[in-house]
$ cat model_27.cif   # mmCIF, C-alpha atoms
data_target
#
loop_
_atom_site.label_atom_id
_atom_site.label_comp_id
_atom_site.auth_asym_id
_atom_site.auth_seq_id
_atom_site.Cartn_x
_atom_site.Cartn_y
_atom_site.Cartn_z
CA MET A 1 -93.61 48.60 69.28
CA PHE A 2 -90.89 50.84 67.91
CA THR A 3 -87.49 49.78 69.22
CA LEU A 4 -83.86 50.34 68.35
CA TRP A 5 -83.81 46.94 66.60
CA THR A 6 -86.74 48.02 64.40
CA LEU A 7 -84.85 51.16 63.41
CA ILE A 8 -81.69 49.19 62.60
CA GLU A 9 -83.65 46.58 60.65
CA SER A 10 -85.53 49.18 58.61
CA SER A 11 -82.31 51.03 57.73
CA LEU A 12 -80.74 47.70 56.71
CA LEU A 13 -83.71 46.96 54.45
CA CYS A 14 -83.47 50.43 52.86
CA LEU A 15 -79.75 49.95 52.20
CA ASN A 16 -80.52 46.58 50.62
CA ALA A 17 -83.14 48.22 48.41
CA VAL A 18 -80.70 50.89 47.21
CA CYS A 19 -78.01 48.30 46.50
CA ILE A 20 -80.20 46.12 44.31
CA LEU A 21 -81.44 48.94 42.07
CA HIS A 22 -80.25 48.14 38.55
CA GLU A 23 -79.56 51.19 36.42
CA GLU A 24 -80.32 49.71 33.00
CA ARG A 25 -83.39 47.70 34.00
CA PHE A 26 -85.09 49.91 36.55
CA LEU A 27 -83.69 53.42 36.80
CA ALA A 28 -83.40 53.99 33.03
CA LYS A 29 -87.18 53.54 32.67
CA PHE A 30 -87.65 56.72 34.68
CA GLY A 31 -84.84 58.66 33.02
CA TRP A 32 -82.39 58.04 35.87
CA GLY A 33 -79.91 55.87 33.96
CA ARG A 34 -76.19 56.36 33.61
CA GLN A 35 -76.55 58.91 30.78
CA ALA A 36 -78.98 61.06 32.81
CA GLY A 37 -76.39 61.86 35.45
CA GLN A 38 -73.73 63.21 33.09
CA GLN A 39 -73.48 66.93 32.74
CA ASP A 40 -70.64 68.82 31.09
CA PHE A 41 -70.91 72.18 32.82
CA GLY A 42 -72.41 73.94 35.81
CA ALA A 43 -73.27 72.75 39.26
CA PRO A 44 -74.72 69.26 39.61
CA THR A 45 -78.49 69.13 39.94
CA ALA A 46 -80.36 67.35 42.73
CA LYS A 47 -81.02 64.44 40.36
CA ASP A 48 -77.29 64.13 39.63
CA GLN A 49 -76.52 64.16 43.34
CA VAL A 50 -79.10 61.46 44.10
CA LEU A 51 -77.71 59.26 41.31
CA ASN A 52 -74.20 59.83 42.63
CA LEU A 53 -75.36 58.88 46.14
CA ILE A 54 -76.97 55.67 44.85
CA ARG A 55 -73.78 54.70 42.99
CA SER A 56 -71.63 55.50 46.03
CA ILE A 57 -73.79 53.47 48.40
CA ARG A 58 -73.78 50.55 45.99
CA THR A 59 -69.99 50.67 45.74
CA VAL A 60 -69.14 51.13 49.41
CA ALA A 61 -71.85 49.09 51.14
CA LYS A 62 -71.84 45.92 49.06
CA ILE A 63 -69.51 43.77 51.20
CA PRO A 64 -70.51 45.11 54.65
CA LEU A 65 -74.18 44.51 53.79
CA ILE A 66 -73.50 40.81 53.33
CA PHE A 67 -72.17 40.54 56.87
CA LEU A 68 -74.90 42.77 58.33
CA ASN A 69 -77.58 40.66 56.64
CA VAL A 70 -76.07 37.46 58.05
CA ILE A 71 -76.01 38.98 61.54
CA ALA A 72 -79.61 40.14 61.19
CA ILE A 73 -80.75 36.70 60.02
CA ILE A 74 -78.97 34.95 62.89
CA PHE A 75 -80.41 37.46 65.36
CA LYS A 76 -83.92 36.89 64.00
CA LEU A 77 -83.51 33.11 64.13
CA LEU A 78 -82.27 33.13 67.71
CA LEU A 79 -84.54 35.79 69.23
CA GLY A 80 -87.55 35.73 66.95
#
$ encode --input "model_27.cif" --output "structure tokens"
Amino acid sequence: MFTLWTLIESSLLCLNAVCILHEERFLAKFGWGRQAGQQDFGAPTAKDQVLNLIRSIRTVAKIPLIFLNVIAIIFKLLLG
């Protein structure tokens, strides 16, 4: 059954997945490393914007994700 908790849990898992992506080991294999997002002129491309979003999420959400994961684990342990 699709509930609000399922939606929150799936978004938490997606945030975790974005935060653990390693640029040198994973993203560089597909041409999405740190050098791929650097452009000297013109408007940023969609690829540049996605890379910027991944870096921003990783920077901002690192500490809050620890607490959200702990809350989710406790919630799962108590309520199943």
$ resolve_selection --input "model_27.cif" --expression "the PyMOL selection byres ((chain A and resi 33) around 12)" --output "list in words"
Leu21, His22, Glu23, Glu24, Arg25, Phe26, Leu27, Ala28, Lys29, Phe30, Gly31, Trp32, Arg34, Gln35, Ala36, Gly37, Gln38, Lys47, Asp48, Val50, Leu51, Asn52, Ile54 and Arg55 of chain A
$ resolve_selection --input "model_27.cif" --expression "the PyMOL selection byres ((chain A and resi 65-80) around 9)" --output "PDB file with C-alpha atoms, in the coordinates of the input"
ATOM      1  CA  GLU A   9     -83.650  46.580  60.650  1.00  0.00           C
ATOM      2  CA  LEU A  12     -80.740  47.700  56.710  1.00  0.00           C
ATOM      3  CA  LEU A  15     -79.750  49.950  52.200  1.00  0.00           C
ATOM      4  CA  ASN A  16     -80.520  46.580  50.620  1.00  0.00           C
ATOM      5  CA  ALA A  61     -71.850  49.090  51.140  1.00  0.00           C
ATOM      6  CA  LYS A  62     -71.840  45.920  49.060  1.00  0.00           C
ATOM      7  CA  ILE A  63     -69.510  43.770  51.200  1.00  0.00           C
ATOM      8  CA  PRO A  64     -70.510  45.110  54.650  1.00  0.00           C
TER       9      PRO A  64
END
$ atom_distance --input "model_27.cif" --atom1 "CA of Phe2 in chain A" --atom2 "CA of Cys14 in chain A"
16.8 Å
$ atom_distance --input "model_27.cif" --atom1 "CA of Ser56 in chain A" --atom2 "CA of Pro44 in chain A"
15.5 Å
$ atom_distance --input "model_27.cif" --atom1 "CA of Val18 in chain A" --atom2 "CA of Ala46 in chain A"
17.1 Å
